[in-house]
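S.K.: Starting off with a structure, shown below.
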Amino acid sequence: MTAHAKHFRLVQSLGDDHIGLEARAQIDDHMETRIWLRLLACSTQIEHQIRQLLRVRFATSLPRFDYLAQLDRHPEGLRMNVLSRYLMVTGGNVTGLTDQLVKEGLVRRIVNPEDRRSWRVALTDKGRAEFAEMAAEHERWLVEMFKGLPAESRDALYEHLGHLRVHLADRRAEVEAGAVARAPKRRSGKTPA
């Protein structure tokens, strides 16, 4: 089957409403571009469904779920700056979310014994119980989403994505060095915003 026929069949199967990011791919694009767009489209599609289910079922957001998940993995609590790095958001975002969750009784602030000027945050018993309920539903949703995919396909996909992650990590320095070498010289010495 030609690449054009496969692409057409995919668009037909998904429909214009669901093709999403993958619609950016063209038949004559490099395979690497098409893979990247397909990965983004799959990730975005799953994330969109999870966001919607969290909102409908628990009246919560994915950032709140992720915040609680990080604290669930660290029962001793986390320093705010570490939590910020784990969530890949600014400290201001973490502070605002922490304030809300403390007010709701899901999280508590603890003075950091190593540095009394900083705080750690940890789940309260109420927060742990509410997160456990959300996490169980979240797992069921993911199982349901992948249910029709044969086990061998799931295993192969997981294995291939693992190889891709290692490959990308191994090649990161080389790719970045190549990009820097080809970058235009800047007169002001400033990097673009």
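Residue numbering restarts at 1 in every chain; chains get A, B, ... in the order shown in the structure tokens, and ligands count up from 1 in that same order.
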Quick one: residues within 12 Å of Leu142 of chain A, only C-alpha atoms counted, chain neighbours fewer than 3 positions away excluded, as a PDB file with N, CA and C atoms, in the first residue's frame?
M.R.:
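out00.pdb was written with the following content:
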```
ATOM      1  N   GLN A  45      -4.187  13.477  21.989  1.00  0.00           N
ATOM      2  CA  GLN A  45      -5.496  12.834  22.019  1.00  0.00           C
ATOM      3  C   GLN A  45      -5.756  12.186  23.386  1.00  0.00           C
ATOM      4  N   ILE A  46      -4.772  11.468  23.907  1.00  0.00           N
ATOM      5  CA  ILE A  46      -4.920  10.833  25.218  1.00  0.00           C
ATOM      6  C   ILE A  46      -5.067  11.904  26.298  1.00  0.00           C
ATOM      7  N   GLU A  47      -4.204  12.923  26.243  1.00  0.00           N
ATOM      8  CA  GLU A  47      -4.251  13.991  27.245  1.00  0.00           C
ATOM      9  C   GLU A  47      -5.597  14.708  27.231  1.00  0.00           C
ATOM     10  N   GLN A  49      -8.523  13.525  26.352  1.00  0.00           N
ATOM     11  CA  GLN A  49      -9.542  12.659  26.953  1.00  0.00           C
ATOM     12  C   GLN A  49      -9.406  12.617  28.474  1.00  0.00           C
ATOM     13  N   ILE A  50      -8.157  12.520  28.957  1.00  0.00           N
ATOM     14  CA  ILE A  50      -7.927  12.480  30.405  1.00  0.00           C
ATOM     15  C   ILE A  50      -8.375  13.794  31.045  1.00  0.00           C
ATOM     16  N   LEU A  53     -12.166  13.811  31.203  1.00  0.00           N
ATOM     17  CA  LEU A  53     -12.686  12.886  32.204  1.00  0.00           C
ATOM     18  C   LEU A  53     -12.436  13.387  33.621  1.00  0.00           C
ATOM     19  N   ALA A 135      -6.716   8.380  41.103  1.00  0.00           N
ATOM     20  CA  ALA A 135      -5.690   7.562  40.455  1.00  0.00           C
ATOM     21  C   ALA A 135      -6.260   6.227  39.981  1.00  0.00           C
ATOM     22  N   ALA A 136      -7.145   5.637  40.775  1.00  0.00           N
ATOM     23  CA  ALA A 136      -7.764   4.370  40.378  1.00  0.00           C
ATOM     24  C   ALA A 136      -8.613   4.555  39.124  1.00  0.00           C
ATOM     25  N   GLU A 137      -9.390   5.647  39.080  1.00  0.00           N
ATOM     26  CA  GLU A 137     -10.193   5.951  37.881  1.00  0.00           C
ATOM     27  C   GLU A 137      -9.286   6.222  36.683  1.00  0.00           C
ATOM     28  N   HIS A 138      -8.243   7.007  36.899  1.00  0.00           N
ATOM     29  CA  HIS A 138      -7.288   7.356  35.838  1.00  0.00           C
ATOM     30  C   HIS A 138      -6.714   6.080  35.217  1.00  0.00           C
ATOM     31  N   GLU A 139      -6.333   5.141  36.059  1.00  0.00           N
ATOM     32  CA  GLU A 139      -5.789   3.882  35.552  1.00  0.00           C
ATOM     33  C   GLU A 139      -6.838   3.123  34.741  1.00  0.00           C
ATOM     34  N   MET A 145      -8.809   2.916  27.250  1.00  0.00           N
ATOM     35  CA  MET A 145      -8.343   3.535  26.000  1.00  0.00           C
ATOM     36  C   MET A 145      -7.510   2.580  25.164  1.00  0.00           C
ATOM     37  N   PHE A 146      -6.687   1.763  25.815  1.00  0.00           N
ATOM     38  CA  PHE A 146      -5.780   0.869  25.097  1.00  0.00           C
ATOM     39  C   PHE A 146      -6.350  -0.539  24.917  1.00  0.00           C
ATOM     40  N   LYS A 147      -7.552  -0.774  25.439  1.00  0.00           N
ATOM     41  CA  LYS A 147      -8.143  -2.109  25.481  1.00  0.00           C
ATOM     42  C   LYS A 147      -8.207  -2.816  24.128  1.00  0.00           C
ATOM     43  N   GLY A 148      -8.573  -2.150  23.075  1.00  0.00           N
ATOM     44  CA  GLY A 148      -8.723  -2.800  21.781  1.00  0.00           C
ATOM     45  C   GLY A 148      -7.411  -3.086  21.070  1.00  0.00           C
ATOM     46  N   LEU A 149      -6.322  -2.560  21.596  1.00  0.00           N
ATOM     47  CA  LEU A 149      -5.011  -2.775  20.990  1.00  0.00           C
ATOM     48  C   LEU A 149      -4.459  -4.104  21.509  1.00  0.00           C
TER      49      LEU A 149
END
```
S.K.: Within segment 59-162 of chain A, find each residue whose DSSP state, derived from the backbone, is alpha helix (DSSP H), and express the selection as a ChimeraX atom specification.
M.R.: /A:62-73,80-87,91-103,125-146,151-162
S.K.: Step one, run DSSP on the backbone; step two, keep only residues of segment 115-187 of chain A assigned to strand (DSSP E); then write them as JSON, numbers by chain.
M.R.: {"A": [119, 120, 121, 122, 123]}
S.K.: I'd like the contact shell of Val82 of chain A - 10 Å cut-off, only C-alpha atoms, skipping same-chain residues fewer than 6 positions apart - returned as a list in words.
M.R.: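 The residues satisfying every condition are Met88, Gly91 and Arg120 of chain A.
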S.K.: One decimal, in Å: what's the spacing between atom CA of Phe131 of chain A and atom CA of Leu161 of chain A?
M.R.: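 Value for the atom CA of Phe131 of chain A-atom CA of Leu161 of chain A distance: 28.2 Å.
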S.K.: Excluding segment 61-76 of chain A and residues on its chain fewer than 5 positions from it, collect all residues at most 6 Å away from it, counting only C-alpha atoms, and give them as a PyMOL selection string.
M.R.: chain A and resi 51+55+122
S.K.: Using atom CA of Glu32 of chain A and atom CA of Ala151 of chain A as the two end points, give the distance in Å to one decimal.
M.R.: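 These atoms are spaced 25.7 Å apart.
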